[in-house]
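Text of data.cif (mmCIF, C-alpha atoms and all ligand atoms) as supplied:
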```
data_data
#
loop_
_atom_site.label_atom_id
_atom_site.label_comp_id
_atom_site.auth_asym_id
_atom_site.auth_seq_id
_atom_site.Cartn_x
_atom_site.Cartn_y
_atom_site.Cartn_z
CA MET A 1 -16.00 18.53 10.48
CA SER A 2 -14.38 15.29 9.35
CA VAL A 3 -11.57 13.84 11.48
CA HIS A 4 -9.33 14.05 8.42
CA LYS A 5 -9.77 17.83 8.01
CA LYS A 6 -9.61 18.91 11.66
CA LYS A 7 -6.96 21.61 11.95
CA ASP A 8 -5.47 20.21 15.17
CA ILE A 9 -4.54 16.96 13.42
CA LYS A 10 -0.98 17.57 12.41
CA ARG A 11 -0.22 13.91 11.79
CA ILE A 12 -2.35 10.93 10.95
CA THR A 13 -1.70 8.22 13.53
CA THR A 14 -3.12 4.76 14.01
CA HIS A 15 -5.47 6.31 16.63
CA VAL A 16 -6.75 8.84 14.11
CA LEU A 17 -7.56 5.98 11.72
CA LYS A 18 -9.58 4.24 14.43
CA ALA A 19 -11.45 7.48 15.16
CA MET A 20 -12.19 7.82 11.45
CA LYS A 21 -13.84 4.39 11.48
CA GLN A 22 -15.86 5.30 14.59
CA GLN A 23 -17.07 8.50 12.92
CA GLY A 24 -17.80 6.82 9.61
CA GLU A 25 -15.13 8.69 7.68
CA LYS A 26 -13.44 6.67 4.94
CA VAL A 27 -9.65 6.23 4.95
CA ALA A 28 -7.84 7.08 1.69
CA MET A 29 -4.62 5.14 1.18
CA LEU A 30 -2.22 4.90 -1.79
CA THR A 31 1.18 3.38 -2.45
CA ALA A 32 4.38 5.41 -2.76
CA TYR A 33 7.97 4.37 -3.31
CA ASP A 34 9.88 7.62 -3.83
CA TYR A 35 10.34 11.10 -2.32
CA SER A 36 8.83 13.24 -5.08
CA THR A 37 5.60 11.24 -5.42
CA ALA A 38 5.21 10.95 -1.65
CA ARG A 39 5.43 14.77 -1.38
CA ILE A 40 2.66 15.28 -3.90
CA LEU A 41 0.34 12.66 -2.37
CA ASP A 42 0.95 13.98 1.16
CA GLU A 43 0.27 17.56 0.09
CA ALA A 44 -2.95 16.36 -1.56
CA GLY A 45 -4.07 15.11 1.86
CA ILE A 46 -3.74 11.33 1.59
CA ASP A 47 -4.29 9.63 4.97
CA VAL A 48 -1.93 6.67 4.60
CA LEU A 49 0.96 5.95 2.24
CA LEU A 50 1.92 2.33 1.82
CA VAL A 51 5.46 1.57 0.77
CA GLY A 52 4.13 -1.58 -0.85
CA ASP A 53 6.15 -4.51 -2.05
CA SER A 54 4.30 -3.78 -5.32
CA ALA A 55 7.47 -1.71 -5.85
CA SER A 56 8.80 -5.04 -7.07
CA ASN A 57 6.31 -4.83 -9.98
CA VAL A 58 5.91 -1.15 -10.78
CA MET A 59 9.37 0.16 -9.88
CA ALA A 60 11.59 -2.83 -10.69
CA GLY A 61 9.57 -4.56 -13.42
CA HIS A 62 9.35 -7.99 -11.77
CA GLU A 63 6.34 -10.20 -12.45
CA THR A 64 5.63 -10.81 -8.77
CA THR A 65 6.32 -9.16 -5.42
CA LEU A 66 8.58 -12.00 -4.31
CA PRO A 67 12.02 -10.77 -5.46
CA ILE A 68 12.13 -7.44 -3.60
CA THR A 69 14.54 -7.46 -0.65
CA LEU A 70 14.41 -5.92 2.81
CA ASP A 71 17.26 -3.53 1.90
CA GLN A 72 15.34 -2.36 -1.18
CA MET A 73 12.14 -1.85 0.86
CA ILE A 74 14.12 0.21 3.38
CA TYR A 75 15.55 2.38 0.59
CA HIS A 76 12.04 3.07 -0.77
CA ALA A 77 10.69 3.72 2.73
CA GLN A 78 13.47 6.20 3.56
CA SER A 79 12.67 8.15 0.39
CA VAL A 80 8.94 8.24 1.14
CA VAL A 81 9.40 9.28 4.77
CA ARG A 82 11.57 12.24 3.66
CA GLY A 83 8.68 13.40 1.45
CA VAL A 84 5.83 13.48 3.97
CA LYS A 85 4.72 15.77 6.77
CA ARG A 86 1.26 14.54 7.67
CA CYS A 87 0.27 11.07 6.53
CA LEU A 88 0.95 7.72 8.19
CA VAL A 89 3.65 5.68 6.43
CA VAL A 90 3.21 1.90 6.45
CA VAL A 91 5.88 -0.41 4.99
CA ASP A 92 5.40 -3.94 3.67
CA LEU A 93 7.63 -6.61 5.17
CA PRO A 94 8.89 -8.35 2.01
CA PHE A 95 8.58 -12.05 1.23
CA GLY A 96 11.01 -14.14 3.26
CA SER A 97 11.57 -11.54 5.97
CA TYR A 98 8.91 -12.68 8.46
CA GLN A 99 7.31 -16.02 7.60
CA GLY A 100 8.27 -18.99 9.75
CA ASP A 101 10.63 -17.25 12.16
CA SER A 102 9.27 -14.65 14.56
CA LYS A 103 12.74 -13.49 15.64
CA LEU A 104 13.63 -12.78 12.03
CA ALA A 105 10.27 -11.02 11.65
CA LEU A 106 11.01 -8.74 14.59
CA ALA A 107 14.55 -8.03 13.35
CA SER A 108 13.12 -7.10 9.91
CA ALA A 109 10.45 -4.83 11.41
CA ILE A 110 13.00 -3.13 13.66
CA ARG A 111 15.33 -2.48 10.72
CA ILE A 112 12.46 -0.85 8.81
CA MET A 113 11.43 1.34 11.75
CA LYS A 114 14.99 2.34 12.74
CA GLU A 115 16.49 2.86 9.28
CA SER A 116 13.54 4.48 7.50
CA GLY A 117 11.62 6.36 10.17
CA ALA A 118 8.33 4.83 8.95
CA HIS A 119 5.42 4.46 11.35
CA ALA A 120 4.15 0.90 10.91
CA VAL A 121 4.63 -2.36 9.03
CA LYS A 122 2.26 -4.60 7.07
CA LEU A 123 2.37 -8.39 6.90
CA GLU A 124 0.37 -10.77 4.72
CA GLY A 125 -1.54 -13.57 6.46
CA GLY A 126 -3.43 -14.50 9.63
CA GLU A 127 -3.19 -17.45 12.04
CA GLU A 128 -0.21 -18.94 10.16
CA ILE A 129 2.01 -15.94 11.00
CA LYS A 130 0.66 -15.45 14.53
CA ASP A 131 4.06 -15.63 16.27
CA SER A 132 5.61 -13.07 13.93
CA ILE A 133 2.75 -10.60 14.33
CA LYS A 134 2.63 -10.98 18.12
CA ARG A 135 6.39 -10.58 18.53
CA ILE A 136 6.49 -7.43 16.39
CA LEU A 137 3.53 -5.95 18.27
CA SER A 138 5.11 -6.76 21.63
CA ALA A 139 8.11 -4.63 20.62
CA GLY A 140 5.78 -1.65 20.17
CA VAL A 141 5.73 -1.64 16.38
CA PRO A 142 2.24 -1.01 14.92
CA VAL A 143 1.15 -3.78 12.56
CA MET A 144 -1.36 -3.70 9.71
CA GLY A 145 -2.70 -7.07 8.51
CA HIS A 146 -3.43 -8.12 4.92
CA LEU A 147 -5.99 -10.83 4.12
CA GLY A 148 -7.77 -12.17 1.04
CA LEU A 149 -5.54 -12.14 -2.02
CA THR A 150 -2.03 -12.01 -0.57
CA PRO A 151 0.31 -11.59 -3.56
CA GLN A 152 3.34 -13.05 -1.75
CA SER A 153 1.47 -16.41 -1.89
CA ILE A 154 0.77 -16.21 -5.62
CA TYR A 155 2.51 -19.51 -6.34
CA LYS A 156 0.27 -21.22 -3.78
CA PHE A 157 -2.92 -19.64 -5.21
CA GLY A 158 -1.81 -20.06 -8.84
CA THR A 159 -3.89 -17.06 -10.02
CA TYR A 160 -4.77 -13.47 -9.07
CA THR A 161 -8.54 -14.12 -9.10
CA VAL A 162 -10.99 -13.22 -6.32
CA ARG A 163 -10.32 -15.06 -3.02
CA ALA A 164 -12.65 -16.40 -0.32
CA LYS A 165 -15.56 -17.20 -2.62
CA GLU A 166 -15.79 -20.67 -1.05
CA GLU A 167 -17.20 -20.95 2.49
CA GLU A 168 -14.08 -22.63 3.90
CA GLU A 169 -11.78 -19.80 2.84
CA ALA A 170 -14.35 -17.17 3.84
CA ASP A 171 -14.60 -18.74 7.30
CA LYS A 172 -10.83 -18.65 7.70
CA LEU A 173 -10.86 -14.96 6.76
CA ARG A 174 -13.65 -14.31 9.31
CA ARG A 175 -11.51 -15.99 12.01
CA ASP A 176 -8.28 -14.33 10.91
CA ILE A 177 -9.61 -10.77 11.03
CA LYS A 178 -10.89 -11.30 14.57
CA LEU A 179 -7.48 -12.67 15.57
CA LEU A 180 -5.65 -9.71 14.01
CA GLU A 181 -7.86 -7.37 16.01
CA LYS A 182 -7.40 -9.39 19.22
CA TRP A 183 -3.61 -9.41 18.88
CA GLY A 184 -3.60 -5.62 18.47
CA CYS A 185 -3.23 -4.88 14.75
CA PHE A 186 -4.41 -1.34 14.00
CA GLY A 187 -5.96 -2.09 10.62
CA VAL A 188 -6.18 -4.65 7.85
CA VAL A 189 -6.05 -4.60 4.07
CA LEU A 190 -8.70 -6.78 2.39
CA GLU A 191 -7.66 -7.61 -1.14
CA LYS A 192 -9.93 -8.97 -3.89
CA ILE A 193 -12.70 -10.62 -1.91
CA PRO A 194 -16.49 -10.55 -2.48
CA SER A 195 -18.08 -7.26 -1.47
CA THR A 196 -20.62 -8.97 0.83
CA LEU A 197 -17.86 -10.71 2.77
CA ALA A 198 -15.83 -7.48 2.99
CA LYS A 199 -18.90 -5.73 4.43
CA GLU A 200 -19.57 -8.49 6.93
CA VAL A 201 -16.01 -8.73 8.27
CA SER A 202 -15.60 -4.93 8.32
CA GLU A 203 -18.65 -4.73 10.58
CA SER A 204 -17.32 -7.52 12.79
CA VAL A 205 -14.26 -5.55 14.01
CA ASP A 206 -13.51 -2.09 15.44
CA ILE A 207 -10.24 -1.67 13.52
CA PRO A 208 -10.43 -0.07 10.06
CA THR A 209 -10.47 -2.33 7.00
CA ILE A 210 -8.91 -0.95 3.82
CA GLY A 211 -10.12 -2.57 0.63
CA ILE A 212 -8.59 -3.12 -2.79
CA GLY A 213 -11.10 -4.98 -4.90
CA GLY A 214 -13.30 -5.47 -1.83
CA GLY A 215 -16.22 -3.25 -2.84
CA PRO A 216 -17.57 -0.07 -1.25
CA HIS A 217 -18.24 -1.21 2.32
CA THR A 218 -14.72 -1.39 3.72
CA ASP A 219 -13.63 1.48 5.99
CA GLY A 220 -11.18 2.77 3.41
CA GLN A 221 -9.69 2.13 -0.01
CA VAL A 222 -6.17 1.60 -1.32
CA LEU A 223 -4.83 1.54 -4.87
CA VAL A 224 -1.40 1.25 -6.39
CA THR A 225 -0.58 4.85 -7.36
CA HIS A 226 0.92 3.85 -10.72
CA ASP A 227 -2.41 2.20 -11.62
CA LEU A 228 -4.56 5.15 -10.47
CA LEU A 229 -2.38 7.59 -12.42
CA GLY A 230 -2.38 5.45 -15.56
CA ILE A 231 1.39 4.95 -15.58
CA THR A 232 0.76 1.22 -15.87
CA LYS A 233 -1.23 0.29 -18.96
CA GLU A 234 -1.79 -3.44 -19.24
CA PHE A 235 -3.19 -3.98 -15.73
CA ASN A 236 -6.97 -3.49 -15.96
CA PRO A 237 -8.82 -5.28 -13.16
CA ARG A 238 -12.48 -4.44 -12.57
CA PHE A 239 -11.71 -2.75 -9.25
CA LEU A 240 -9.33 -0.18 -10.77
CA ARG A 241 -10.47 3.37 -11.49
CA ARG A 242 -7.88 5.40 -13.43
CA TYR A 243 -7.78 9.11 -12.56
CA ALA A 244 -5.18 10.10 -15.15
CA ASN A 245 -3.38 8.76 -18.18
CA LEU A 246 0.22 9.61 -17.37
CA PHE A 247 1.65 6.89 -19.60
CA ASP A 248 0.47 8.78 -22.67
CA GLY A 249 1.09 12.18 -21.06
CA ILE A 250 4.72 11.38 -20.25
CA LYS A 251 5.22 9.71 -23.63
CA GLU A 252 3.86 12.74 -25.49
CA ALA A 253 6.02 15.15 -23.49
CA THR A 254 9.07 12.97 -24.19
CA GLU A 255 8.30 12.83 -27.93
CA HIS A 256 7.93 16.61 -27.96
CA TYR A 257 11.30 17.04 -26.21
CA ILE A 258 13.05 14.64 -28.62
CA GLN A 259 11.62 16.54 -31.57
CA ASP A 260 12.73 19.92 -30.15
CA VAL A 261 16.27 18.63 -29.60
CA LYS A 262 16.48 17.15 -33.09
CA ASP A 263 15.05 20.35 -34.61
CA ARG A 264 17.59 22.49 -32.66
CA ASP A 265 14.59 24.26 -31.13
CA PHE A 266 15.73 23.42 -27.60
CA PRO A 267 17.51 25.13 -25.94
CA SER A 268 16.68 28.64 -27.17
CA GLU A 269 18.75 31.80 -26.54
CA LYS A 270 16.59 32.52 -23.49
CA GLU A 271 17.31 29.08 -22.09
CA SER A 272 21.07 29.55 -22.48
CA TYR A 273 23.74 31.42 -20.43
O1 LIG B 1 2.11 -3.88 -2.15
C1 LIG B 1 1.03 -3.29 -2.31
O2 LIG B 1 0.91 -2.35 -3.10
C2 LIG B 1 -0.11 -3.72 -1.53
C3 LIG B 1 -1.44 -3.12 -1.88
C4 LIG B 1 -1.97 -3.75 -3.08
C5 LIG B 1 -2.39 -3.18 -0.75
O3 LIG B 1 0.01 -4.52 -0.66
#
```
Step by step, read the file and then write its structure as structure tokens.
Amino acid sequence: MSVHKKKDIKRITTHVLKAMKQQGEKVAMLTAYDYSTARILDEAGIDVLLVGDSASNVMAGHETTLPITLDQMIYHAQSVVRGVKRCLVVVDLPFGSYQGDSKLALASAIRIMKESGAHAVKLEGGEEIKDSIKRILSAGVPVMGHLGLTPQSIYKFGTYTVRAKEEEEADKLRRDIKLLEKWGCFGVVLEKIPSTLAKEVSESVDIPTIGIGGGPHTDGQVLVTHDLLGITKEFNPRFLRRYANLFDGIKEATEHYIQDVKDRDFPSEKESY
């Protein structure tokens, strides 16, 4: 029986994720930002919910992930935690809350853990944020890394295209993932890198790698839930598989409701007191 389905696993922990990698079972991860969605995804059996700073895009309508604040991330994380019983909840440290100052990084991570009840935090970067990662880990807070395309650095990259195609950047990623493992991170997201590199670095570490645009060989996959459900429409990268078309579904339901109100069809006698 898969680790994921074992009856005695009441909660997915970072140790369960490691066991899943050892047993060759893929990790399924999605984003969530609110209570109601988190409930549905948890009941469906998702392993990990990421309170991603992609909330800045899909919840708040910003162009990048940079504007979202620590207070806003905590609000989203609190809502998600209230909705789940089983999955692991990981929260993104937002831009500006951990880079350059490890004491600030620890204070941000502690606020997230204390005020939301989430189980772990995620930070973008490798060697360059070493002090922040090590200080957070030394306080007993589980850390997930994030390498490859790191959207908080979009103004440095200039574009959202595939990262680490050149040897120099690929070599840095190879070094960074080993460092993240050595420091004690429990997993790492690999975003938009060549599939061959994702395979190679996934095999080079014992911690699970979770890919988004990293091909089929990572130890798990993550997508932004709004993309998977087809709530977003214009975002169509090659790596995205849509499992529903809720944009049109919600629009049609809304049009139907508007028509019923205008036609005095809603509410009926039966729907009245
Ligand atoms: O914020 C986010 O949704 C993420 C995923 C894309 C991994 O970091």
Do you have the CA of Leu149 in chain A-CA of Phe239 in chain A distance handy?
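Separation between CA of Leu149 in chain A and CA of Phe239 in chain A: 13.4 Å.
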With all atoms listed in the file as the counted atoms, please give the residues lying no more than 7 Å from range 73-89 of chain A, apart from itself and same-chain residues fewer than 5 positions off, as a list of chain:residue names.
A:Lys10, A:Arg11, A:Ile12, A:Thr13, A:Ala32, A:Tyr33, A:Asp34, A:Tyr35, A:Ser36, A:Ala38, A:Arg39, A:Asp42, A:Ile46, A:Asp47, A:Val48, A:Leu49, A:Leu50, A:Val51, A:Ile112, A:Glu115, A:Ser116, A:Gly117, A:Ala118, A:His119, A:Ala120
With only C-alpha atoms and all ligand atoms as the basis for distance, which of A:Ser138, A:Thr64, A:Thr218, A:Ser202 is at the shortest distance from ligand LIG 1 (chain B)?
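Nearest to ligand LIG 1 (chain B): A:Thr64.
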Counting all atoms listed in the file, which protein, DNA or RNA residues come within 7 Å of ligand LIG 1 (chain B), given as a VMD selection string?
chain A and resid 31 50 52 to 55 92 189 191 212 222 to 224
What's the separation between CA of Asp248 in chain A and CA of Phe235 in chain A, in Å to one decimal place?
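Computing the Euclidean distance for CA of Asp248 in chain A and CA of Phe235 in chain A yields 15.0 Å.
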How many Å separate CA of Lys172 in chain A from CA of Pro94 in chain A?
23.0 Å
Measuring atom to atom with only C-alpha atoms, identify which of A:Ile154, A:Ile193, A:Ala107, A:Ile231 is nearest to Met59 in chain A.
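Residue with the minimum atom-to-atom distance to Met59 in chain A: A:Ile231.
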Taking all atoms of range 94-110 of chain A that appear in the file, build a box with edges along x, y and z, extend it by 4 Å on every side, and state its centre and edge lengths in Å to one decimal, as AutoDock Vina command-line options.
```
--center_x 10.9 --center_y -11.1 --center_z 8.4 --size_x 15.2 --size_y 23.9 --size_z 22.4
```
